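Structure file model-v1.txt; described as compact mmCIF, C-alpha atoms and all ligand atoms.
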# COMPACT_ATOMS: atom_id res chain seq x y z
CA MET A 1 131.18 -66.59 -81.10
CA PHE A 2 134.21 -65.12 -82.93
CA GLU A 3 132.30 -64.08 -86.10
CA ARG A 4 130.52 -61.23 -84.33
CA LEU A 5 133.01 -60.63 -81.54
CA ALA A 6 134.43 -57.31 -82.75
CA SER A 7 130.98 -55.71 -82.75
CA THR A 8 130.04 -57.43 -79.46
CA LEU A 9 133.07 -55.84 -77.77
CA ASP A 10 132.16 -52.41 -79.14
CA GLU A 11 128.61 -52.89 -77.88
CA ILE A 12 129.92 -53.80 -74.42
CA ALA A 13 132.15 -50.70 -74.40
CA ALA A 14 129.16 -48.51 -75.26
CA GLN A 15 126.97 -50.11 -72.59
CA VAL A 16 129.45 -49.72 -69.74
CA ARG A 17 130.37 -46.11 -70.57
CA PRO A 18 127.95 -44.61 -67.99
CA LEU A 19 129.67 -46.70 -65.27
CA LEU A 20 133.16 -45.37 -65.93
CA SER A 21 132.76 -42.34 -63.70
CA GLN A 22 131.09 -44.29 -60.88
CA GLY A 23 133.96 -46.44 -59.61
CA ARG A 24 136.73 -45.16 -57.31
CA VAL A 25 140.33 -45.32 -58.49
CA ALA A 26 142.57 -46.95 -55.84
CA SER A 27 144.32 -44.18 -53.91
CA TYR A 28 145.99 -46.06 -51.04
CA ILE A 29 148.89 -46.51 -53.45
CA PRO A 30 149.35 -42.80 -54.33
CA GLU A 31 150.85 -43.43 -57.79
CA LEU A 32 147.72 -45.37 -58.85
CA ALA A 33 145.48 -42.40 -58.03
CA THR A 34 146.99 -40.47 -60.95
CA VAL A 35 145.29 -42.75 -63.54
CA PRO A 36 142.10 -41.20 -65.05
CA ALA A 37 138.96 -43.19 -64.11
CA VAL A 38 137.33 -42.89 -67.51
CA ARG A 39 139.44 -45.44 -69.33
CA PHE A 40 138.08 -48.69 -70.70
CA GLY A 41 139.69 -51.45 -72.72
CA MET A 42 138.86 -55.06 -73.43
CA ALA A 43 140.65 -57.79 -75.40
CA VAL A 44 139.97 -61.39 -76.33
CA VAL A 45 142.70 -63.68 -77.70
CA SER A 46 141.57 -67.04 -79.06
CA VAL A 47 143.64 -70.18 -78.39
CA ASP A 48 144.55 -70.13 -82.09
CA GLY A 49 145.93 -66.59 -81.69
CA ARG A 50 143.25 -64.29 -83.12
CA VAL A 51 142.99 -60.92 -81.32
CA PHE A 52 139.75 -58.97 -80.81
CA LYS A 53 139.76 -55.69 -78.92
CA THR A 54 138.02 -52.45 -78.13
CA GLY A 55 138.89 -49.10 -76.49
CA ASP A 56 142.17 -48.82 -74.55
CA ALA A 57 143.05 -52.50 -75.03
CA ASP A 58 146.68 -51.71 -75.94
CA GLN A 59 147.25 -49.28 -73.08
CA PRO A 60 149.57 -50.72 -70.38
CA PHE A 61 148.22 -50.50 -66.82
CA SER A 62 149.38 -51.60 -63.39
CA ILE A 63 148.49 -55.29 -63.09
CA GLN A 64 148.59 -55.24 -59.25
CA SER A 65 146.97 -58.42 -57.87
CA ILE A 66 146.80 -60.04 -61.30
CA SER A 67 150.51 -60.64 -60.65
CA LYS A 68 149.42 -63.08 -57.91
CA LEU A 69 148.18 -65.46 -60.61
CA PHE A 70 151.47 -65.48 -62.50
CA ALA A 71 153.56 -65.60 -59.30
CA LEU A 72 151.59 -68.71 -58.34
CA LEU A 73 152.27 -70.31 -61.73
CA LEU A 74 156.00 -69.61 -61.33
CA ALA A 75 155.98 -71.05 -57.80
CA LEU A 76 154.13 -74.17 -58.98
CA GLN A 77 156.71 -74.63 -61.74
CA THR A 78 159.61 -74.49 -59.30
CA GLU A 79 158.09 -75.90 -56.13
CA GLY A 80 155.32 -78.24 -57.34
CA ASP A 81 152.92 -79.44 -54.67
CA GLY A 82 155.17 -77.96 -51.97
CA VAL A 83 153.27 -74.71 -52.62
CA TRP A 84 150.27 -76.13 -50.75
CA ARG A 85 152.28 -76.37 -47.55
CA ARG A 86 152.45 -72.56 -47.66
CA VAL A 87 148.94 -71.51 -48.73
CA GLY A 88 145.46 -72.98 -48.61
CA ARG A 89 142.86 -73.32 -51.33
CA GLU A 90 139.73 -71.90 -49.73
CA PRO A 91 137.99 -68.60 -50.43
CA SER A 92 138.72 -66.18 -47.62
CA GLY A 93 135.38 -64.40 -47.37
CA THR A 94 137.36 -61.34 -46.28
CA ALA A 95 138.98 -58.35 -48.00
CA PHE A 96 142.14 -58.93 -50.04
CA ASN A 97 144.28 -57.16 -47.44
CA SER A 98 142.61 -58.54 -44.33
CA LEU A 99 144.67 -59.74 -41.36
CA VAL A 100 141.90 -61.29 -39.30
CA GLN A 101 142.17 -64.95 -40.37
CA LEU A 102 145.93 -65.11 -40.04
CA GLU A 103 145.92 -65.32 -36.26
CA SER A 104 143.29 -68.03 -35.88
CA GLU A 105 144.87 -70.02 -38.75
CA GLN A 106 148.44 -69.81 -37.39
CA GLY A 107 149.84 -67.65 -40.17
CA LEU A 108 148.73 -69.97 -42.99
CA PRO A 109 146.97 -67.80 -45.64
CA ARG A 110 143.64 -69.06 -46.96
CA ASN A 111 144.65 -68.93 -50.63
CA PRO A 112 147.38 -67.56 -52.94
CA PHE A 113 145.19 -64.73 -54.31
CA ILE A 114 144.81 -62.63 -51.18
CA ASN A 115 147.74 -60.45 -50.10
CA ALA A 116 148.86 -62.77 -47.27
CA GLY A 117 148.88 -65.73 -49.67
CA ALA A 118 150.78 -63.81 -52.33
CA LEU A 119 153.39 -62.80 -49.75
CA ALA A 120 153.90 -66.49 -48.91
CA ILE A 121 154.23 -67.29 -52.63
CA THR A 122 156.68 -64.39 -53.06
CA ASP A 123 158.70 -65.80 -50.17
CA ILE A 124 159.01 -69.08 -52.13
CA LEU A 125 160.15 -67.12 -55.20
CA CYS A 126 162.71 -65.19 -53.11
CA THR A 127 164.22 -68.53 -52.09
CA ARG A 128 164.19 -69.94 -55.63
CA PHE A 129 165.38 -66.88 -57.60
CA ALA A 130 168.18 -64.36 -56.98
CA THR A 131 165.89 -61.64 -58.40
CA PRO A 132 162.27 -62.82 -58.35
CA GLU A 133 161.14 -59.51 -59.87
CA ASN A 134 163.19 -60.26 -63.00
CA ALA A 135 162.02 -63.88 -63.04
CA LEU A 136 158.37 -62.82 -63.12
CA VAL A 137 158.98 -60.12 -65.74
CA GLN A 138 160.78 -62.66 -67.95
CA GLN A 139 157.95 -65.15 -67.55
CA LEU A 140 155.35 -62.54 -68.49
CA ARG A 141 157.37 -61.35 -71.49
CA LYS A 142 157.44 -64.91 -72.73
CA LEU A 143 153.75 -65.62 -72.10
CA SER A 144 152.51 -62.33 -73.59
CA GLY A 145 155.01 -62.07 -76.44
CA ASN A 146 155.62 -58.46 -75.34
CA THR A 147 159.37 -58.37 -74.78
CA ALA A 148 159.29 -54.72 -73.68
CA LEU A 149 157.03 -55.09 -70.65
CA ASP A 150 158.48 -54.28 -67.25
CA TYR A 151 157.54 -53.10 -63.80
CA ASN A 152 157.10 -49.40 -63.11
CA LEU A 153 159.66 -48.33 -60.51
CA ARG A 154 157.65 -45.27 -59.46
CA VAL A 155 154.58 -47.41 -58.71
CA ALA A 156 156.69 -50.05 -56.95
CA ASN A 157 158.36 -47.41 -54.76
CA SER A 158 155.04 -45.70 -54.09
CA GLU A 159 153.51 -48.96 -52.84
CA ARG A 160 156.65 -49.89 -50.91
CA ARG A 161 156.50 -46.58 -49.02
CA HIS A 162 152.89 -47.34 -48.08
CA SER A 163 153.18 -51.06 -47.37
CA ASP A 164 152.62 -51.06 -43.61
CA ARG A 165 149.68 -53.42 -43.83
CA ASN A 166 151.45 -55.94 -46.07
CA ALA A 167 154.52 -55.60 -43.82
CA ALA A 168 152.35 -56.39 -40.79
CA MET A 169 151.04 -59.53 -42.50
CA ALA A 170 154.51 -60.68 -43.50
CA HIS A 171 155.94 -60.12 -40.00
CA PHE A 172 152.96 -61.89 -38.49
CA MET A 173 153.49 -64.93 -40.75
CA ARG A 174 157.19 -64.86 -39.91
CA SER A 175 156.31 -64.98 -36.21
CA PHE A 176 154.62 -68.33 -36.93
CA GLY A 177 157.77 -69.56 -38.71
CA ARG A 178 156.04 -69.17 -42.08
CA MET A 179 158.41 -66.78 -43.84
CA ASP A 180 161.89 -67.96 -44.84
CA ASN A 181 163.31 -64.69 -46.19
CA PRO A 182 163.70 -61.27 -44.59
CA VAL A 183 160.39 -59.41 -44.69
CA ASP A 184 161.94 -56.39 -46.45
CA ARG A 185 163.19 -58.59 -49.28
CA VAL A 186 159.77 -60.21 -49.74
CA LEU A 187 158.00 -56.82 -49.72
CA ASP A 188 160.42 -55.38 -52.30
CA ALA A 189 159.72 -58.28 -54.65
CA TYR A 190 155.96 -58.26 -53.98
CA CYS A 191 155.64 -54.52 -54.69
CA SER A 192 157.64 -54.86 -57.92
CA HIS A 193 155.42 -57.74 -59.05
CA CYS A 194 152.29 -55.66 -58.42
CA ALA A 195 153.83 -52.74 -60.35
CA ILE A 196 154.30 -54.71 -63.59
CA GLU A 197 152.51 -52.95 -66.45
CA MET A 198 150.69 -54.85 -69.19
CA SER A 199 147.86 -54.16 -71.61
CA CYS A 200 144.59 -56.09 -71.98
CA VAL A 201 145.99 -57.73 -75.12
CA ASP A 202 149.19 -58.76 -73.25
CA LEU A 203 147.20 -60.27 -70.37
CA ALA A 204 144.59 -62.03 -72.52
CA ARG A 205 147.48 -63.72 -74.34
CA ALA A 206 149.50 -64.46 -71.19
CA VAL A 207 146.64 -66.42 -69.63
CA LEU A 208 146.15 -68.66 -72.67
CA PRO A 209 148.07 -71.68 -71.28
CA LEU A 210 145.39 -71.91 -68.59
CA ALA A 211 142.77 -72.13 -71.36
CA HIS A 212 144.87 -74.71 -73.17
CA HIS A 213 145.51 -77.49 -70.66
CA GLY A 214 148.76 -75.95 -69.45
CA GLN A 215 150.35 -75.77 -72.88
CA LEU A 216 151.57 -72.65 -74.68
CA PRO A 217 149.28 -72.32 -77.71
CA GLY A 218 150.98 -72.83 -81.05
CA SER A 219 153.95 -74.64 -79.52
CA GLU A 220 154.84 -77.97 -78.00
CA GLU A 221 155.96 -76.22 -74.83
CA ARG A 222 154.16 -76.91 -71.60
CA LEU A 223 153.96 -74.33 -68.80
CA LEU A 224 152.34 -76.67 -66.31
CA SER A 225 150.48 -79.98 -66.32
CA ALA A 226 146.88 -80.21 -67.55
CA SER A 227 145.85 -81.18 -64.04
CA LEU A 228 147.50 -78.10 -62.49
CA ALA A 229 145.99 -75.81 -65.13
CA LYS A 230 142.55 -77.17 -64.22
CA ARG A 231 143.25 -76.63 -60.54
CA VAL A 232 144.50 -73.06 -60.96
CA ASN A 233 141.34 -72.29 -62.95
CA ALA A 234 139.27 -73.64 -60.07
CA LEU A 235 141.16 -71.38 -57.66
CA MET A 236 140.54 -68.38 -59.91
CA LEU A 237 136.84 -69.12 -59.89
CA THR A 238 136.60 -69.54 -56.12
CA CYS A 239 139.20 -66.99 -54.94
CA GLY A 240 140.20 -64.75 -57.86
CA THR A 241 137.96 -61.79 -57.08
CA TYR A 242 138.38 -61.82 -53.27
CA ASP A 243 135.26 -61.49 -51.19
CA ALA A 244 133.16 -61.04 -54.35
CA ALA A 245 134.07 -64.43 -55.87
CA GLY A 246 130.58 -65.85 -55.29
CA ASP A 247 128.85 -62.88 -56.85
CA PHE A 248 131.36 -62.87 -59.71
CA ALA A 249 130.71 -66.57 -60.44
CA PHE A 250 126.98 -65.84 -60.31
CA ARG A 251 127.15 -62.85 -62.65
CA VAL A 252 130.03 -63.79 -64.97
CA GLY A 253 130.74 -67.52 -64.62
CA LEU A 254 134.41 -67.51 -65.64
CA PRO A 255 137.71 -68.20 -63.83
CA ALA A 256 139.22 -64.74 -63.33
CA LYS A 257 141.76 -62.70 -61.40
CA SER A 258 141.38 -59.01 -60.64
CA GLY A 259 143.70 -56.25 -59.43
CA VAL A 260 143.27 -52.80 -57.88
CA GLY A 261 144.77 -51.26 -61.03
CA GLY A 262 141.34 -52.01 -62.53
CA GLY A 263 142.28 -55.03 -64.62
CA ILE A 264 140.48 -58.38 -64.64
CA VAL A 265 141.89 -61.30 -66.59
CA ALA A 266 139.61 -64.27 -67.33
CA LEU A 267 139.42 -67.27 -69.61
CA ILE A 268 137.11 -69.75 -71.29
CA PRO A 269 138.76 -73.20 -71.30
CA ASN A 270 139.61 -74.38 -74.84
CA VAL A 271 138.37 -71.10 -76.32
CA CYS A 272 140.15 -67.88 -75.31
CA GLY A 273 141.82 -65.63 -72.79
CA LEU A 274 140.24 -62.26 -72.11
CA CYS A 275 141.02 -59.14 -70.18
CA VAL A 276 139.16 -55.97 -69.32
CA TRP A 277 140.54 -52.78 -67.81
CA SER A 278 138.80 -49.84 -66.21
CA PRO A 279 140.43 -48.18 -63.18
CA GLY A 280 137.28 -47.26 -61.20
CA LEU A 281 136.75 -49.91 -58.50
CA ASP A 282 133.75 -51.21 -56.57
CA ALA A 283 133.68 -51.72 -52.78
CA ASN A 284 135.50 -55.08 -53.05
CA GLY A 285 138.38 -53.61 -55.05
CA ASN A 286 137.27 -55.07 -58.39
CA SER A 287 136.81 -52.92 -61.50
CA LEU A 288 133.21 -51.71 -61.48
CA ALA A 289 132.84 -51.40 -65.25
CA GLY A 290 135.12 -54.41 -65.75
CA VAL A 291 132.85 -56.83 -63.89
CA GLN A 292 129.85 -55.45 -65.76
CA ALA A 293 131.67 -55.81 -69.08
CA LEU A 294 132.49 -59.45 -68.36
CA GLU A 295 128.91 -60.11 -67.31
CA LEU A 296 127.73 -58.60 -70.61
CA PHE A 297 130.33 -60.67 -72.46
CA THR A 298 129.09 -64.01 -71.12
CA THR A 299 125.46 -62.93 -71.55
CA LEU A 300 125.79 -61.65 -75.12
CA THR A 301 127.99 -64.53 -76.34
CA GLY A 302 126.15 -67.19 -74.38
CA ARG A 303 129.53 -68.58 -73.26
CA SER A 304 130.66 -69.28 -69.72
CA ILE A 305 131.96 -72.38 -67.96
CA PHE A 306 128.44 -73.31 -66.81
N1 LIG A 401 143.97 -56.23 -54.80
C1 LIG A 401 145.10 -55.77 -55.26
O1 LIG A 401 145.32 -55.59 -56.43
C2 LIG A 401 146.09 -55.41 -54.19
C3 LIG A 401 147.48 -55.26 -54.68
C4 LIG A 401 148.21 -54.18 -53.96
N2 LIG A 401 149.54 -54.09 -54.51
C5 LIG A 401 148.28 -54.44 -52.45
O2 LIG A 401 149.11 -55.16 -51.99
O3 LIG A 401 147.48 -53.94 -51.72
How does this structure look as structure tokens?
Ligand SMILES: NC(=O)CC[C@H](N)C(=O)O
Amino acid sequence: MFERLASTLDEIAAQVRPLLSQGRVASYIPELATVPAVRFGMAVVSVDGRVFKTGDADQPFSIQSISKLFALLLALQTEGDGVWRRVGREPSGTAFNSLVQLESEQGLPRNPFINAGALAITDILCTRFATPENALVQQLRKLSGNTALDYNLRVANSERRHSDRNAAMAHFMRSFGRMDNPVDRVLDAYCSHCAIEMSCVDLARAVLPLAHHGQLPGSEERLLSASLAKRVNALMLTCGTYDAAGDFAFRVGLPAKSGVGGGIVALIPNVCGLCVWSPGLDANGNSLAGVQALELFTTLTGRSIF
């Protein structure tokens, strides 16, 4: 697969070009609406550290809900199986910011990759860390090797000023006794996590431990157990692209996590991490060209988890 990968990525970039103007850039967070839709980048990092990329693969973008994946990893590291007392492990079948299930399920979010679930995970991090925003940034600097990455304060403030829906979810969970910290504190941390900026290359590298049985490639260090890495991958497959997870598994066939900044991070166990970025979104809030690029990737390389 790697011999022809550079030209395969260029071919994918050329094929998705007509789609770049068709998606809609997220505008409910005003700062995100300023990003031009016609950007496209894709990167693949092999477990032995080789980097393949095309287009805007080195351009940092707002990781948004991709932060939910790394927040979960941090919570699992500190809290272990206690995490599953706070969030479920089932696909929601609803939009990422939906409130409807929370009432019938007594404030217990379906999974850690929808907003309600990420707020519960952020609550855990607020208990465990004095500054969870710094803890997550540090973790991502280490995993990506990019020691300069940070969250964008303008984006964080922009989302925080428009976080009524997330605030409603957090208050609702708190009313069921499922939020230990003040809602404002949890929202501050959550919005900062979403506003972290990374490139496709950074993210493809940061996800490598999940493709490597929980271990940081090229070192003896373990991020999480092999069993947990396998389980997080399963959650990415079933819940990582919200209400489109079934269609995504059908079309792409890889564990993945998307964000409304237009990024999608994915991996092939034992082989590589990969990431695609294009800000124009489809109706489910996933990158329109990004999903198509990943579908082309698994089709052209003949590699998926199936
Ligand atoms: N799907 C997403 O990327 C959503 C993240 C966004 N920060 C929100 O809370 O709405």
Residue contacts of stretch 273-279 of chain A (6 Å, only C-alpha atoms) excluding same-chain residues fewer than 4 positions away, as a tab-separated table (two decimals) with C-alpha atoms, in the frame of the given file:
chain	number	residue	atom	x	y	z
A	25	VAL	CA	140.33	-45.32	-58.49
A	37	ALA	CA	138.96	-43.19	-64.11
A	39	ARG	CA	139.44	-45.44	-69.33
A	40	PHE	CA	138.08	-48.69	-70.70
A	41	GLY	CA	139.69	-51.45	-72.72
A	42	MET	CA	138.86	-55.06	-73.43
A	43	ALA	CA	140.65	-57.79	-75.40
A	44	VAL	CA	139.97	-61.39	-76.33
A	45	VAL	CA	142.70	-63.68	-77.70
A	200	CYS	CA	144.59	-56.09	-71.98
A	204	ALA	CA	144.59	-62.03	-72.52
A	207	VAL	CA	146.64	-66.42	-69.63
A	208	LEU	CA	146.15	-68.66	-72.67
A	261	GLY	CA	144.77	-51.26	-61.03
A	262	GLY	CA	141.34	-52.01	-62.53
A	263	GLY	CA	142.28	-55.03	-64.62
A	264	ILE	CA	140.48	-58.38	-64.64
A	265	VAL	CA	141.89	-61.30	-66.59
A	266	ALA	CA	139.61	-64.27	-67.33
A	267	LEU	CA	139.42	-67.27	-69.61
A	287	SER	CA	136.81	-52.92	-61.50
A	290	GLY	CA	135.12	-54.41	-65.75
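Counting from atom CA of A:Arg154, the distance to atom CA of A:Asp180 is 27.3 Å.
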Contacts between ligand LIG 401 (chain A) and chain A, please, where a residue of chain A counts if it comes within 6 Å (with all atoms listed in the file); show its shortest atom pair and distance in Å to one decimal, rows by chain and ascending number, as JSON lines.
{"residue": "A:Gln64", "atom": "CA", "partner": "A:LIG401", "partner_atom": "O1", "distance": 4.3}
{"residue": "A:Ser65", "atom": "CA", "partner": "A:LIG401", "partner_atom": "O1", "distance": 3.6}
{"residue": "A:Phe96", "atom": "CA", "partner": "A:LIG401", "partner_atom": "N1", "distance": 5.8}
{"residue": "A:Asn115", "atom": "CA", "partner": "A:LIG401", "partner_atom": "O2", "distance": 5.8}
{"residue": "A:Cys194", "atom": "CA", "partner": "A:LIG401", "partner_atom": "N2", "distance": 5.0}
{"residue": "A:Gly259", "atom": "CA", "partner": "A:LIG401", "partner_atom": "O1", "distance": 3.5}
{"residue": "A:Val260", "atom": "CA", "partner": "A:LIG401", "partner_atom": "O1", "distance": 3.8}
In the coordinate frame of the file, compute which residues have an atom within 8 Å of (153.7, -48.2, -63.9) when using only C-alpha atoms, and state them as a short mmCIF file (atom, residue, chain, number, x, y, z; two decimals) with C-alpha atoms, keeping the file's coordinate frame.
data_model
loop_
_atom_site.label_atom_id
_atom_site.label_comp_id
_atom_site.auth_asym_id
_atom_site.auth_seq_id
_atom_site.Cartn_x
_atom_site.Cartn_y
_atom_site.Cartn_z
CA PHE A 61 148.22 -50.50 -66.82
CA SER A 62 149.38 -51.60 -63.39
CA TYR A 151 157.54 -53.10 -63.80
CA ASN A 152 157.10 -49.40 -63.11
CA LEU A 153 159.66 -48.33 -60.51
CA ARG A 154 157.65 -45.27 -59.46
CA VAL A 155 154.58 -47.41 -58.71
CA ALA A 156 156.69 -50.05 -56.95
CA ALA A 195 153.83 -52.74 -60.35
CA ILE A 196 154.30 -54.71 -63.59
CA GLU A 197 152.51 -52.95 -66.45
#
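Ranking A:Leu288, A:Leu143, A:Leu9, A:Val137 by their shortest atom-to-atom distance to A:Gly55, with only C-alpha atoms included, puts A:Leu9 first.
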Can you tell me which residues surround A:Arg165 at a distance of at most 8 Å, considering all atoms listed in the file, apart from same-chain residues fewer than 3 positions away, and format the answer as a ChimeraX atom specification?
/A:97,168-169
Computed gap from atom CA of A:Thr54 to atom CA of A:Leu300 is 15.6 Å
Which is closest to A:Gln22 among A:Asp123, A:Asp282, A:Asp202, A:Glu103, if we use all atoms listed in the file?
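Using all atoms listed in the file, A:Gln22 sits closest to A:Asp282.
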Nearest to A:Ser175 among A:Gln106, A:Val16, A:Gln77, A:Arg222, with distances taken over only C-alpha atoms: which residue is it?
A:Gln106
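You can rank A:Arg86, A:His162, A:Arg303, A:His171 by their closest distance to A:Ala118 using only C-alpha atoms, and at the top of that list sits A:Arg86.
Each of A:Leu69, A:Leu294, A:Glu221, A:Arg4 was compared to A:Phe248 using all atoms listed in the file, and A:Leu294 turns out to be the nearest.
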Would you mind reading off the distance between atom CA of A:Asp56 and atom CA of A:Ala245, one decimal, in Å?
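About the pair atom CA of A:Asp56 and atom CA of A:Ala245: they are 25.7 Å apart.
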Compare A:Ser67, A:Gly145, A:Asp10, A:Ala244 by their minimum atom-to-atom distance to A:Leu216, counting only C-alpha atoms, and give me the closest one.
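Nearest to A:Leu216: A:Gly145.
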Which residues come within 12 Å of A:Gln138, counting all atoms listed in the file, excluding same-chain residues fewer than 5 positions away, as a list in words?
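With the cut-off at 12 Å, the set is Phe70, Ala71, Leu74, Thr131, Pro132, Glu133, Leu143, Ser144, Gly145, Asn146, Thr147, Ala148, Leu149, Asp150, Tyr151, His193, Ile196 and Ala206 of chain A.
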Prev. selection, C-alpha atoms, output as a PDB file, in the frame of the given file:
ATOM      1  CA  PHE A  70     151.470 -65.480 -62.500  1.00  0.00           C
ATOM      2  CA  ALA A  71     153.560 -65.600 -59.300  1.00  0.00           C
ATOM      3  CA  LEU A  74     156.000 -69.610 -61.330  1.00  0.00           C
ATOM      4  CA  THR A 131     165.890 -61.640 -58.400  1.00  0.00           C
ATOM      5  CA  PRO A 132     162.270 -62.820 -58.350  1.00  0.00           C
ATOM      6  CA  GLU A 133     161.140 -59.510 -59.870  1.00  0.00           C
ATOM      7  CA  LEU A 143     153.750 -65.620 -72.100  1.00  0.00           C
ATOM      8  CA  SER A 144     152.510 -62.330 -73.590  1.00  0.00           C
ATOM      9  CA  GLY A 145     155.010 -62.070 -76.440  1.00  0.00           C
ATOM     10  CA  ASN A 146     155.620 -58.460 -75.340  1.00  0.00           C
ATOM     11  CA  THR A 147     159.370 -58.370 -74.780  1.00  0.00           C
ATOM     12  CA  ALA A 148     159.290 -54.720 -73.680  1.00  0.00           C
ATOM     13  CA  LEU A 149     157.030 -55.090 -70.650  1.00  0.00           C
ATOM     14  CA  ASP A 150     158.480 -54.280 -67.250  1.00  0.00           C
ATOM     15  CA  TYR A 151     157.540 -53.100 -63.800  1.00  0.00           C
ATOM     16  CA  HIS A 193     155.420 -57.740 -59.050  1.00  0.00           C
ATOM     17  CA  ILE A 196     154.300 -54.710 -63.590  1.00  0.00           C
ATOM     18  CA  ALA A 206     149.500 -64.460 -71.190  1.00  0.00           C
TER      19      ALA A 206
END
Neighbour list for stretch 224-238 of chain A as a list in words, cut-off 8 Å, only C-alpha atoms, skip fewer than 4 positions in-chain
Leu73, Leu76, Gln77, Arg89, Glu90, Pro91, Pro209, Leu210, Ala211, His213, Gly214, Gln215, Ala245, Gly246, Ala249, Gly253, Leu254, Pro255, Ala256 and Lys257 of chain A
Contacts of A:Pro217 at 8 Å (all atoms listed in the file; same-chain gap of 3+ positions) as a PyMOL selection string
chain A and resi 47-49+208-209+212+220
May I have the selected residues written with C-alpha atoms, as a PDB file, in the frame of the given file?
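This is the output file part08.pdb:
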ATOM      1  CA  VAL A  47     143.640 -70.180 -78.390  1.00  0.00           C
ATOM      2  CA  ASP A  48     144.550 -70.130 -82.090  1.00  0.00           C
ATOM      3  CA  GLY A  49     145.930 -66.590 -81.690  1.00  0.00           C
ATOM      4  CA  LEU A 208     146.150 -68.660 -72.670  1.00  0.00           C
ATOM      5  CA  PRO A 209     148.070 -71.680 -71.280  1.00  0.00           C
ATOM      6  CA  HIS A 212     144.870 -74.710 -73.170  1.00  0.00           C
ATOM      7  CA  GLU A 220     154.840 -77.970 -78.000  1.00  0.00           C
TER       8      GLU A 220
END
Kindly add N, CA and C atoms to the incomplete stretch 165-179 of chain A and provide the output as a short mmCIF file (atom, residue, chain, number, x, y, z; two decimals), in the frame of the given file.
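Contents of result.cif, freshly written:
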data_model
loop_
_atom_site.label_atom_id
_atom_site.label_comp_id
_atom_site.auth_asym_id
_atom_site.auth_seq_id
_atom_site.Cartn_x
_atom_site.Cartn_y
_atom_site.Cartn_z
N ARG A 165 150.61 -52.32 -44.07
CA ARG A 165 149.68 -53.42 -43.83
C ARG A 165 150.25 -54.75 -44.35
N ASN A 166 150.82 -54.72 -45.54
CA ASN A 166 151.45 -55.94 -46.07
C ASN A 166 152.66 -56.33 -45.20
N ALA A 167 153.38 -55.32 -44.70
CA ALA A 167 154.52 -55.60 -43.82
C ALA A 167 154.03 -56.28 -42.54
N ALA A 168 152.91 -55.79 -42.01
CA ALA A 168 152.35 -56.39 -40.79
C ALA A 168 152.02 -57.86 -41.02
N MET A 169 151.39 -58.13 -42.17
CA MET A 169 151.04 -59.53 -42.50
C MET A 169 152.28 -60.40 -42.59
N ALA A 170 153.30 -59.89 -43.28
CA ALA A 170 154.51 -60.68 -43.50
C ALA A 170 155.21 -60.95 -42.17
N HIS A 171 155.31 -59.92 -41.31
CA HIS A 171 155.94 -60.12 -40.00
C HIS A 171 155.13 -61.12 -39.16
N PHE A 172 153.82 -61.00 -39.27
CA PHE A 172 152.96 -61.89 -38.49
C PHE A 172 153.17 -63.35 -38.93
N MET A 173 153.25 -63.57 -40.24
CA MET A 173 153.49 -64.93 -40.75
C MET A 173 154.87 -65.41 -40.30
N ARG A 174 155.83 -64.49 -40.33
CA ARG A 174 157.19 -64.86 -39.91
C ARG A 174 157.21 -65.28 -38.44
N SER A 175 156.36 -64.63 -37.63
CA SER A 175 156.31 -64.98 -36.21
C SER A 175 155.80 -66.41 -36.00
N PHE A 176 155.08 -66.93 -36.99
CA PHE A 176 154.62 -68.33 -36.93
C PHE A 176 155.61 -69.26 -37.63
N GLY A 177 156.77 -68.73 -38.00
CA GLY A 177 157.77 -69.56 -38.71
C GLY A 177 157.37 -69.82 -40.15
N ARG A 178 156.53 -68.95 -40.72
CA ARG A 178 156.04 -69.17 -42.08
C ARG A 178 156.58 -68.15 -43.08
N MET A 179 157.79 -67.72 -42.89
CA MET A 179 158.41 -66.78 -43.84
C MET A 179 159.90 -67.07 -43.78
#
